[in-house]
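**Q** Below is the file start_1.cif, which contains mmCIF, C-alpha atoms.
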```
data_coords
#
loop_
_atom_site.label_atom_id
_atom_site.label_comp_id
_atom_site.auth_asym_id
_atom_site.auth_seq_id
_atom_site.Cartn_x
_atom_site.Cartn_y
_atom_site.Cartn_z
CA MET A 924 44.06 13.48 306.08
CA LYS A 925 46.37 14.04 303.09
CA ARG A 926 48.84 11.58 304.56
CA ARG A 927 46.17 8.92 304.99
CA ALA A 928 44.92 9.47 301.43
CA PHE A 929 48.48 9.24 300.15
CA ILE A 930 49.16 5.94 301.90
CA HIS A 931 45.96 4.33 300.65
CA THR A 932 46.45 5.64 297.09
CA VAL A 933 50.01 4.33 296.77
CA SER A 934 49.22 0.98 298.34
CA TRP A 935 46.10 0.21 296.32
CA ALA A 936 47.83 -1.23 293.26
CA SER A 937 50.02 -3.73 295.09
CA LEU A 938 48.27 -4.49 298.39
CA THR A 939 45.26 -6.59 299.18
CA VAL A 940 43.68 -4.78 302.11
CA VAL A 941 41.17 -6.70 304.16
CA TRP A 942 39.61 -5.26 307.28
CA GLU A 943 39.41 -7.89 310.00
CA ALA A 944 37.63 -8.03 313.32
CA CYS A 945 39.67 -6.98 316.37
CA MET A 946 39.79 -10.52 317.74
CA SER A 947 40.86 -13.75 315.98
CA LYS A 948 40.57 -17.37 316.93
CA ASN A 949 43.25 -18.61 319.28
CA GLY A 950 45.88 -20.66 317.54
CA GLU A 951 45.17 -19.31 314.03
CA GLN A 952 48.37 -19.41 311.97
CA VAL A 953 49.25 -16.22 310.01
CA PRO A 954 51.35 -16.60 306.82
CA ASP A 955 54.75 -14.89 306.70
CA ASN A 956 53.60 -12.44 304.04
CA VAL A 957 50.62 -11.30 306.12
CA PHE A 958 50.75 -8.72 308.90
CA TYR A 959 48.53 -6.13 310.54
CA THR A 960 49.34 -2.43 310.59
CA CYS A 961 47.75 0.95 311.24
CA SER A 962 46.91 3.31 308.38
CA MET A 963 47.75 6.29 310.60
CA ASP A 964 50.86 4.80 312.23
CA PRO A 965 52.38 2.37 309.70
CA GLN A 966 55.41 1.73 311.88
CA VAL A 967 53.09 -0.52 313.93
CA MET A 968 53.39 -4.10 312.61
CA GLU A 969 51.62 -7.01 314.32
CA LYS A 970 51.09 -10.64 313.42
CA LYS A 971 47.52 -10.69 314.69
CA PRO A 972 44.51 -8.37 314.44
CA GLY A 973 43.76 -5.85 317.15
CA THR A 974 43.97 -2.12 317.78
CA CYS A 975 46.83 0.30 317.27
CA PRO A 976 48.71 0.90 320.55
CA ILE A 977 49.23 4.54 319.50
CA CYS A 978 45.92 5.83 318.08
CA LYS A 979 43.66 2.89 319.10
CA MET A 980 42.28 2.45 315.55
CA ALA A 981 41.57 -1.06 314.24
CA LEU A 982 44.60 -2.59 312.56
CA THR A 983 44.52 -3.28 308.81
CA LYS A 984 45.43 -6.65 307.32
CA ILE A 985 48.23 -6.43 304.74
CA VAL A 986 49.14 -9.18 302.24
CA VAL A 987 52.64 -8.54 300.88
CA ASP A 988 53.49 -9.41 297.29
CA PRO A 989 56.87 -11.25 297.53
CA ASN A 990 57.77 -10.18 294.00
CA MET A 991 57.76 -6.49 295.09
CA LYS A 992 60.08 -7.01 298.05
CA ASN A 993 63.24 -5.61 296.50
CA ALA A 994 61.72 -3.15 294.02
CA GLY A 995 62.00 0.58 294.47
CA LEU A 996 59.02 2.63 295.57
CA LYS A 997 57.27 4.32 292.65
CA LEU A 998 54.80 7.16 292.99
CA SER A 999 52.61 9.04 290.54
CA ASP A 1000 52.90 12.80 290.17
CA GLN A 1001 49.68 13.21 292.16
CA GLN A 1002 51.02 11.04 294.98
CA LYS A 1003 54.25 13.05 295.07
CA GLN A 1004 52.23 16.22 295.38
CA LEU A 1005 50.07 14.80 298.14
CA ALA A 1006 53.17 13.67 300.06
CA ASN A 1007 54.96 16.99 299.41
CA ILE A 1008 57.97 15.15 298.00
CA GLN A 1009 60.82 17.59 297.27
CA ILE A 1010 64.14 16.67 295.67
CA GLU A 1011 67.58 18.32 295.90
CA THR A 1012 70.74 17.42 294.00
CA VAL A 1013 73.62 16.42 296.26
CA ALA A 1014 76.57 18.82 295.94
CA LEU A 1015 79.57 20.21 297.74
CA ARG A 1016 78.63 23.14 299.95
CA PRO A 1017 80.42 25.29 302.54
CA LEU A 1018 79.79 23.89 306.01
CA GLY A 1019 81.39 24.35 309.40
CA GLU A 1020 80.84 23.07 312.88
CA GLU A 1021 78.09 25.02 314.58
CA ILE A 1022 76.58 24.87 318.05
CA THR A 1023 73.72 26.84 319.56
CA LEU A 1024 73.54 27.52 323.29
CA ALA A 1025 70.62 28.69 325.39
CA ALA A 1026 71.61 31.94 327.11
CA ILE A 1027 70.30 34.58 329.49
CA LEU A 1028 70.97 38.31 329.24
CA THR A 1029 72.61 39.82 332.34
CA GLU A 1030 73.98 43.22 333.32
CA ASN A 1031 77.50 44.05 332.26
CA LYS A 1032 79.20 43.75 335.65
CA ASP A 1033 81.99 46.05 334.47
CA LYS A 1034 79.44 48.86 334.16
CA LEU A 1035 77.69 48.58 337.53
CA ALA A 1036 77.79 51.65 339.79
CA THR A 1037 77.16 51.92 343.53
CA VAL A 1038 75.91 55.17 345.05
CA THR A 1039 77.24 55.38 348.63
CA ALA A 1040 76.83 58.02 351.35
CA ARG A 1041 79.76 60.44 351.52
CA VAL A 1042 78.76 61.86 354.88
CA ALA A 1043 76.95 60.42 357.90
CA GLY A 1044 73.41 61.61 358.53
CA ARG A 1045 69.70 60.84 358.27
CA ILE A 1046 67.95 60.41 354.95
CA GLU A 1047 65.16 62.97 354.92
CA ARG A 1048 63.83 62.16 351.46
CA LEU A 1049 64.47 59.57 348.78
CA LEU A 1050 64.04 61.08 345.33
CA VAL A 1051 64.73 57.78 343.52
CA ARG A 1052 62.97 54.78 345.01
CA ASN A 1053 61.89 52.40 342.21
CA VAL A 1054 63.87 49.49 340.79
CA GLY A 1055 64.15 49.88 337.03
CA GLU A 1056 63.98 53.67 337.11
CA PHE A 1057 66.61 55.33 334.93
CA VAL A 1058 68.93 57.84 336.64
CA ARG A 1059 70.81 60.56 334.73
CA VAL A 1060 74.15 62.11 335.66
CA GLY A 1061 73.42 65.14 337.85
CA GLN A 1062 69.92 63.97 338.82
CA PRO A 1063 68.97 64.55 342.51
CA ILE A 1064 68.64 61.18 344.22
CA TYR A 1065 68.20 61.89 347.96
CA GLU A 1066 68.32 64.55 350.68
CA VAL A 1067 70.36 64.00 353.82
CA TYR A 1068 70.34 65.82 357.17
CA SER A 1069 73.87 65.98 358.60
CA GLU A 1070 75.19 68.05 361.48
CA GLU A 1071 78.75 67.13 360.50
CA LEU A 1072 78.18 68.64 357.08
CA SER A 1073 76.59 71.72 358.62
CA ALA A 1074 79.66 72.21 360.85
CA ALA A 1075 81.97 71.82 357.85
CA GLN A 1076 79.95 74.44 355.98
CA GLN A 1077 80.34 76.82 358.91
CA ASP A 1078 84.11 76.28 358.91
CA TYR A 1079 84.23 77.06 355.22
CA LEU A 1080 82.18 80.28 355.62
CA ILE A 1081 84.48 81.49 358.41
CA ALA A 1082 87.54 80.77 356.26
CA VAL A 1083 86.02 82.66 353.33
CA GLN A 1084 85.19 85.70 355.47
CA LYS A 1085 88.69 85.88 356.95
CA GLN A 1086 90.23 85.49 353.49
CA LYS A 1087 88.20 88.44 352.27
CA VAL A 1088 89.49 90.57 355.17
CA LEU A 1089 93.09 89.56 354.51
CA LYS A 1090 92.63 89.99 350.74
CA ASP A 1091 94.81 86.96 349.90
CA ALA A 1092 97.73 88.42 351.85
CA ASP A 1093 98.13 85.28 353.90
CA VAL A 1094 98.95 82.39 351.54
CA ASN A 1095 98.61 79.79 354.30
CA PHE A 1096 95.12 80.96 355.13
CA ARG A 1097 94.14 80.77 351.47
CA GLN A 1098 95.26 77.15 351.47
CA LEU A 1099 93.12 76.56 354.55
CA THR A 1100 90.09 77.93 352.68
CA GLU A 1101 90.79 75.60 349.76
CA ALA A 1102 91.08 72.65 352.15
CA ALA A 1103 87.70 73.51 353.71
CA LYS A 1104 86.14 73.69 350.25
CA ASN A 1105 87.66 70.35 349.21
CA LYS A 1106 86.17 68.78 352.32
CA LEU A 1107 82.70 69.92 351.24
CA LEU A 1108 83.28 68.54 347.75
CA LEU A 1109 84.37 65.19 349.17
CA TRP A 1110 81.25 65.06 351.34
CA GLY A 1111 78.96 65.36 348.32
CA MET A 1112 78.43 69.05 347.67
CA ASN A 1113 79.01 70.35 344.13
CA GLU A 1114 80.40 73.67 342.92
CA GLY A 1115 76.93 75.14 342.49
CA GLN A 1116 75.89 74.28 346.02
CA ILE A 1117 79.11 75.76 347.45
CA ALA A 1118 78.57 78.97 345.47
CA GLU A 1119 75.02 79.18 346.83
CA LEU A 1120 76.38 78.61 350.35
CA GLU A 1121 78.76 81.58 349.95
CA LYS A 1122 75.93 83.72 348.60
CA GLU A 1123 73.52 82.90 351.44
CA GLY A 1124 76.21 82.96 354.14
CA LEU A 1125 74.34 80.39 356.24
CA PRO A 1126 75.10 76.67 356.62
CA GLN A 1127 72.42 74.22 355.56
CA LYS A 1128 71.71 71.11 357.61
CA LYS A 1129 70.02 69.34 354.65
CA LEU A 1130 71.94 68.50 351.52
CA THR A 1131 70.53 67.35 348.18
CA VAL A 1132 72.81 64.66 346.74
CA PHE A 1133 73.14 64.41 342.95
CA SER A 1134 74.07 61.27 341.03
CA ARG A 1135 77.52 61.08 339.48
CA TYR A 1136 76.50 58.03 337.42
CA ALA A 1137 73.88 57.12 334.84
CA GLY A 1138 72.04 53.83 334.74
CA ALA A 1139 68.96 51.84 335.67
CA VAL A 1140 68.28 51.25 339.36
CA THR A 1141 68.86 47.60 340.25
CA GLU A 1142 68.58 47.93 344.05
CA VAL A 1143 67.36 50.54 346.59
CA LEU A 1144 69.09 49.84 349.91
CA ALA A 1145 68.09 52.81 352.06
CA ASP A 1146 64.81 54.08 353.47
CA GLU A 1147 63.59 57.52 354.38
CA GLY A 1148 64.19 58.37 358.03
CA THR A 1149 67.05 55.90 358.48
CA TYR A 1150 70.50 56.91 359.67
CA ILE A 1151 73.36 56.19 357.33
CA SER A 1152 77.05 56.25 358.05
CA GLU A 1153 79.79 57.21 355.63
CA GLY A 1154 80.12 54.51 352.97
CA THR A 1155 76.58 53.12 353.34
CA THR A 1156 75.16 51.94 350.00
CA VAL A 1157 72.06 53.88 348.99
CA LEU A 1158 71.46 52.75 345.38
CA LYS A 1159 72.91 50.38 342.83
CA LEU A 1160 72.83 51.32 339.15
CA ALA A 1161 73.49 49.37 335.97
CA ASP A 1162 74.55 50.90 332.69
CA LEU A 1163 72.49 48.91 330.16
CA SER A 1164 74.20 50.27 327.03
CA THR A 1165 75.92 46.89 326.79
CA LEU A 1166 74.76 43.54 328.17
CA TRP A 1167 76.20 40.07 328.57
CA ALA A 1168 74.66 36.97 327.04
CA GLU A 1169 75.73 34.09 329.26
CA GLY A 1170 75.44 30.54 327.90
CA GLN A 1171 76.57 27.10 329.02
CA LEU A 1172 79.05 25.08 326.97
CA TYR A 1173 79.80 21.35 327.36
CA MET A 1174 83.42 20.35 327.66
CA THR A 1175 83.10 18.27 324.49
CA GLU A 1176 82.18 21.45 322.58
CA LEU A 1177 85.07 23.53 323.91
CA SER A 1178 87.21 22.90 320.83
CA ILE A 1179 85.03 25.23 318.74
CA LEU A 1180 86.34 28.20 320.74
CA ASN A 1181 89.78 27.42 319.33
CA GLN A 1182 88.33 28.10 315.87
CA THR A 1183 86.41 31.29 316.54
CA GLN A 1184 85.58 33.89 319.19
CA GLU A 1185 82.81 35.43 317.08
CA ALA A 1186 79.23 34.70 318.09
CA LEU A 1187 75.72 35.37 316.81
CA VAL A 1188 73.08 36.19 319.42
CA GLU A 1189 69.47 35.56 318.45
CA MET A 1190 66.69 37.27 320.41
CA PRO A 1191 63.46 35.22 320.39
CA TYR A 1192 61.51 38.26 321.66
CA PHE A 1193 62.54 40.05 318.45
CA PRO A 1194 61.92 37.52 315.64
CA GLY A 1195 64.54 37.56 312.91
CA ARG A 1196 66.91 39.82 314.82
CA ILE A 1197 70.46 38.48 315.14
CA LEU A 1198 73.22 40.45 316.87
CA LYS A 1199 76.93 40.03 316.29
CA GLY A 1200 79.03 39.66 319.42
CA LYS A 1201 82.30 38.32 320.69
CA VAL A 1202 83.10 35.77 323.39
CA ASN A 1203 84.95 37.86 325.97
CA PHE A 1204 85.10 35.38 328.83
CA VAL A 1205 85.20 31.62 329.39
CA ASN A 1206 84.81 30.50 332.98
CA PRO A 1207 87.94 28.48 333.85
CA GLU A 1208 86.01 26.51 336.47
CA VAL A 1209 83.93 23.56 335.25
CA GLN A 1210 80.78 22.57 337.12
CA THR A 1211 81.67 19.17 338.53
CA SER A 1212 78.23 17.57 338.34
CA SER A 1213 77.26 18.61 334.80
CA LYS A 1214 80.69 19.11 333.15
CA ILE A 1215 79.66 22.46 331.70
CA LEU A 1216 81.22 25.89 331.83
CA THR A 1217 79.88 29.39 331.27
CA ILE A 1218 80.81 31.61 328.36
CA ARG A 1219 79.99 35.30 328.04
CA VAL A 1220 79.27 37.36 324.93
CA ASP A 1221 79.15 41.18 324.78
CA ILE A 1222 76.17 42.68 322.92
CA ALA A 1223 75.37 46.32 322.22
CA ASN A 1224 72.16 47.76 323.68
CA GLY A 1225 72.32 51.43 322.77
CA LYS A 1226 68.53 51.77 322.42
CA LYS A 1227 67.91 49.96 325.73
CA GLU A 1228 65.60 47.49 323.93
CA TYR A 1229 66.97 44.43 325.69
CA GLN A 1230 66.57 43.80 329.39
CA PRO A 1231 68.50 41.62 331.83
CA GLY A 1232 66.73 38.30 332.29
CA MET A 1233 65.64 37.95 328.66
CA GLN A 1234 66.25 34.62 326.96
CA ALA A 1235 68.64 34.45 324.01
CA TYR A 1236 70.43 31.91 321.84
CA VAL A 1237 74.17 32.09 321.20
CA THR A 1238 75.49 30.43 318.03
CA LEU A 1239 79.19 29.68 317.61
CA LYS A 1240 80.40 28.82 314.12
CA GLY A 1241 83.68 27.03 313.44
CA THR A 1242 85.90 26.98 310.37
CA VAL A 1243 83.95 26.56 307.12
CA LYS A 1244 85.01 23.94 304.52
CA ASN A 1245 83.45 22.53 301.34
CA MET A 1246 81.94 19.07 301.85
CA ILE A 1247 79.09 16.80 300.77
CA ALA A 1248 76.09 17.89 302.84
CA VAL A 1249 72.31 17.50 302.71
CA PRO A 1250 69.51 19.29 304.55
CA THR A 1251 69.18 17.86 308.04
CA ASN A 1252 65.46 17.26 307.40
CA ALA A 1253 66.42 14.67 304.78
CA LEU A 1254 67.88 12.32 307.40
CA ILE A 1255 65.96 9.50 309.06
CA GLN A 1256 67.53 8.25 312.26
CA ASP A 1257 66.58 5.05 314.05
CA THR A 1258 68.25 2.20 315.90
CA ASN A 1259 69.66 0.84 312.63
CA GLY A 1260 71.49 4.06 311.80
CA VAL A 1261 70.94 7.08 309.55
CA THR A 1262 69.25 6.75 306.16
CA VAL A 1263 68.18 8.99 303.29
CA TRP A 1264 65.77 8.47 300.41
CA LEU A 1265 67.02 8.91 296.85
CA GLU A 1266 65.29 9.17 293.49
CA ASN A 1267 67.00 6.87 290.99
CA ALA A 1268 67.29 7.22 287.21
CA GLU A 1269 64.00 5.32 286.66
CA GLY A 1270 62.11 7.77 288.92
CA ALA A 1271 61.67 5.26 291.75
CA PHE A 1272 62.62 5.98 295.35
CA GLU A 1273 65.10 3.86 297.28
CA SER A 1274 66.56 4.10 300.76
CA ARG A 1275 70.28 4.20 301.50
CA MET A 1276 72.23 4.14 304.76
CA VAL A 1277 74.80 6.94 305.20
CA SER A 1278 77.42 8.07 307.68
CA VAL A 1279 77.21 11.62 309.00
CA GLY A 1280 79.72 14.14 310.35
CA MET A 1281 79.37 17.70 311.57
CA THR A 1282 75.97 19.36 311.54
CA ASN A 1283 74.27 22.69 311.96
CA LYS A 1284 70.62 23.67 312.18
CA ASP A 1285 70.22 23.49 308.36
CA TYR A 1286 72.70 20.98 306.90
CA THR A 1287 74.54 17.81 307.90
CA GLU A 1288 77.81 16.51 306.47
CA ILE A 1289 77.67 13.11 304.75
CA THR A 1290 81.01 11.34 305.18
CA ASP A 1291 80.03 8.13 303.37
CA GLY A 1292 77.10 6.86 301.31
CA LEU A 1293 76.38 9.74 298.92
CA LYS A 1294 78.15 11.42 296.03
CA ALA A 1295 77.63 14.69 294.20
CA GLY A 1296 74.94 14.60 291.52
CA GLU A 1297 72.59 12.13 293.22
CA LYS A 1298 69.05 13.26 293.97
CA VAL A 1299 68.04 13.15 297.63
CA VAL A 1300 64.55 13.59 299.10
CA ILE A 1301 64.57 16.62 301.38
CA SER A 1302 60.85 16.71 302.19
CA GLY A 1303 58.53 13.74 302.63
CA ALA A 1304 61.25 11.24 303.54
CA TYR A 1305 59.39 10.00 306.61
CA LEU A 1306 56.25 9.44 304.57
CA LEU A 1307 58.24 7.44 302.03
CA ASN A 1308 59.72 5.37 304.85
CA SER A 1309 56.28 4.73 306.33
CA GLU A 1310 54.81 3.87 302.95
CA TYR A 1311 57.60 1.38 302.27
CA ILE A 1312 56.88 -0.39 305.58
CA PHE A 1313 53.14 -0.26 304.93
CA LYS A 1314 53.52 -1.57 301.39
CA LYS A 1315 56.28 -4.18 301.73
CA GLY A 1316 56.08 -5.17 305.37
CA SER A 1317 59.69 -4.50 306.35
CA ASN A 1318 62.10 -1.73 307.23
CA PRO A 1319 63.87 -0.51 304.04
CA MET A 1320 67.22 -0.81 305.82
CA GLU A 1321 66.60 -4.22 307.34
CA GLY A 1322 69.80 -6.24 307.11
CA HIS A 1323 71.85 -3.28 305.83
CA LYS A 1324 75.02 -2.17 307.59
CA MET A 1325 77.49 0.64 306.89
#
```
Kindly return the structure encoded in the file as structure tokens.
**A**
Amino acid sequence: MKRRAFIHTVSWASLTVVWEACMSKNGEQVPDNVFYTCSMDPQVMEKKPGTCPICKMALTKIVVDPNMKNAGLKLSDQQKQLANIQIETVALRPLGEEITLAAILTENKDKLATVTARVAGRIERLLVRNVGEFVRVGQPIYEVYSEELSAAQQDYLIAVQKQKVLKDADVNFRQLTEAAKNKLLLWGMNEGQIAELEKEGLPQKKLTVFSRYAGAVTEVLADEGTYISEGTTVLKLADLSTLWAEGQLYMTELSILNQTQEALVEMPYFPGRILKGKVNFVNPEVQTSSKILTIRVDIANGKKEYQPGMQAYVTLKGTVKNMIAVPTNALIQDTNGVTVWLENAEGAFESRMVSVGMTNKDYTEITDGLKAGEKVVISGAYLLNSEYIFKKGSNPMEGHKM
């Protein structure tokens, strides 16, 4: 509503506004300085009455004063306030090439662990069975029934008993005992379990297997009651203390990696949080259809706050240099080019076409058309552009070329 009030307030002094019926007589000739526009969508300009193709409101008849055609657009203080017009002085500022990529968090593949069976047998009980569950080093993960392991335990007990009788007199037999113990260790028993075996003096057909790794369970590949052979995968774990943020880079943007390997990772699930990372991998293979390649950034996740699958944004910043730049919001882009609105020495507003260079999410380089010290409109530029069209019946850049 403020915008509509602003447009009508500014236009009242110089426009003769006459509401017409939606239909006119066929063949009626409309003077060149008369056109029909919409108060809500002033970019609509017709030579006959009707309804707005955008909002369907009745079009307003505008009679343009030819003497105002080339004058700047002047606004009162109240009109500037209603239009939220804000001004910034053009100056040199540090600016560098910057691109932002959509990314997805994934597990650090270098820190994945696979828990495999060390001895053949039947899984009697799974002690870890849920994806996402965190496993500690030394945590029991499953129980296995194995006759091979039981026979190996018996061999070890016999060797221990004979060694006690010989009292270490036979060096070769002592080595045999050590070999039997090493076999039990390789098959998944730990020192505590072997000590308990010696104490009890009886082989156990069921063995509790403890994890040698820490991490979150990503896959459970075994079921209770199933037979597993040596080397069968039981669980897969992921150490989530570090993650990868994987984004896609266009070939035309690849040059920025020659300027920097540093990256900023923004987490939309944690507003305002930006993590520093480093590009540690660039896929050498380009996707043929889309001409993009994948880059990977390491990020720390010591508190386990971030999870694989989360969305992220990766920002790469190139070399920073001082240059003429204005807020990106100040630019108006259309088929004619890029324009900005300036406030001149008399306090009137005028439009000027400019050439642009590198840009980031906040500022855009101006390579031609502006100089330091000029006052550019950084808020309300689109309203000024619309008001100019509404008031004078033409695009402010009509006929202008860079």
**Q** Any chance you could work out the residue set of the PyMOL selection byres ((chain A and resi 1127-1142) around 7) here, as an MDAnalysis selection string?
**A** chainID A and resid 1036 1054:1070 1072:1073 1111 1125:1126 1143:1144 1158:1163
**Q** Expand the PyMOL selection byres ((chain A and resi 1276-1281) around 7) into the individual residues it matches in the shown file, reporting them as a list in words.
**A** Glu1020, Val1261, Thr1262, Val1263, Ser1274, Arg1275, Thr1282, Thr1287, Glu1288, Ile1289, Thr1290, Asp1291, Gly1292 and Met1325 of chain A
**Q** In terms of the shortest atom-to-atom distance over only C-alpha atoms, which of A:Ala1168, A:Val1209, A:Met1246, A:Leu1005 is closest to Lys1032 of chain A?
**A**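 Among the listed residues, the smallest separation from Lys1032 of chain A belongs to A:Ala1168.
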**Q** Give the answer as one residue: which of A:Ala1082, A:Ala1186, A:Leu1120, A:Leu1180 has the shortest atom-to-atom distance to Ala1102 of chain A, using all atoms listed in the file?
**A**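 Answer, going by the shortest atom-to-atom distance: A:Ala1082.
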**Q** Check the smallest atom-to-atom distance from each of A:Pro1231, A:Gly1170, A:Pro1191, A:Pro972 to Phe1204 of chain A using only C-alpha atoms, then report the winner.
**A**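 Closest candidate: A:Gly1170.
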**Q** Just checking: using only C-alpha atoms, which residue out of A:Ile1046, A:Val1013, A:Leu982, A:Ile1022 ends up closest to Lys1298 of chain A?
**A**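 Looking only at the distances to Lys1298 of chain A, the closest residue turns out to be A:Val1013.
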**Q** Can you turn the PyMOL selection byres ((chain A and resi 1302) around 12) into a concrete residue list for this file, as a list in words?
**A** Lys1003, Gln1004, Leu1005, Ala1006, Asn1007, Ile1008, Gln1009, Ile1010, Glu1011, Val1249, Pro1250, Thr1251, Asn1252, Ala1253, Leu1254, Ile1255, Val1263, Trp1264, Leu1265, Val1299, Val1300, Ile1301, Gly1303, Ala1304, Tyr1305, Leu1306, Leu1307 and Asn1308 of chain A
**Q** Provide the atom CA of Ala1075 of chain A to atom CA of Leu1099 of chain A distance in Å, to one decimal place.
**A**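 According to the coordinates, atom CA of Ala1075 of chain A and atom CA of Leu1099 of chain A are separated by 12.6 Å.
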**Q** Just how far from atom CA of Gln1086 of chain A is atom CA of Ala1043 of chain A, in Å to one decimal?
**A**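 Answer for the atom CA of Ala1043 of chain A to atom CA of Gln1086 of chain A separation: 28.7 Å.
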**Q** What is the distance, in Å and to one decimal place, between atom CA of Thr1217 of chain A and atom CA of Glu1030 of chain A?
**A** 15.2 Å
**Q** Would you mind telling me which residue in A:Asn1181, A:Ser1309, A:Asn1224, A:Gln1171 lies nearest to Leu1024 of chain A when using all atoms listed in the file?
**A**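 Ranking A:Asn1181, A:Ser1309, A:Asn1224, A:Gln1171 by distance to Leu1024 of chain A, first place goes to A:Gln1171.
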**Q** I need the residue nearest Ala1248 of chain A from this list: A:Lys1201, A:Lys1226, A:Arg1016, A:Arg1052. Use only C-alpha atoms for the distance.
**A**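 Ranked by minimum distance to Ala1248 of chain A, first place goes to A:Arg1016.
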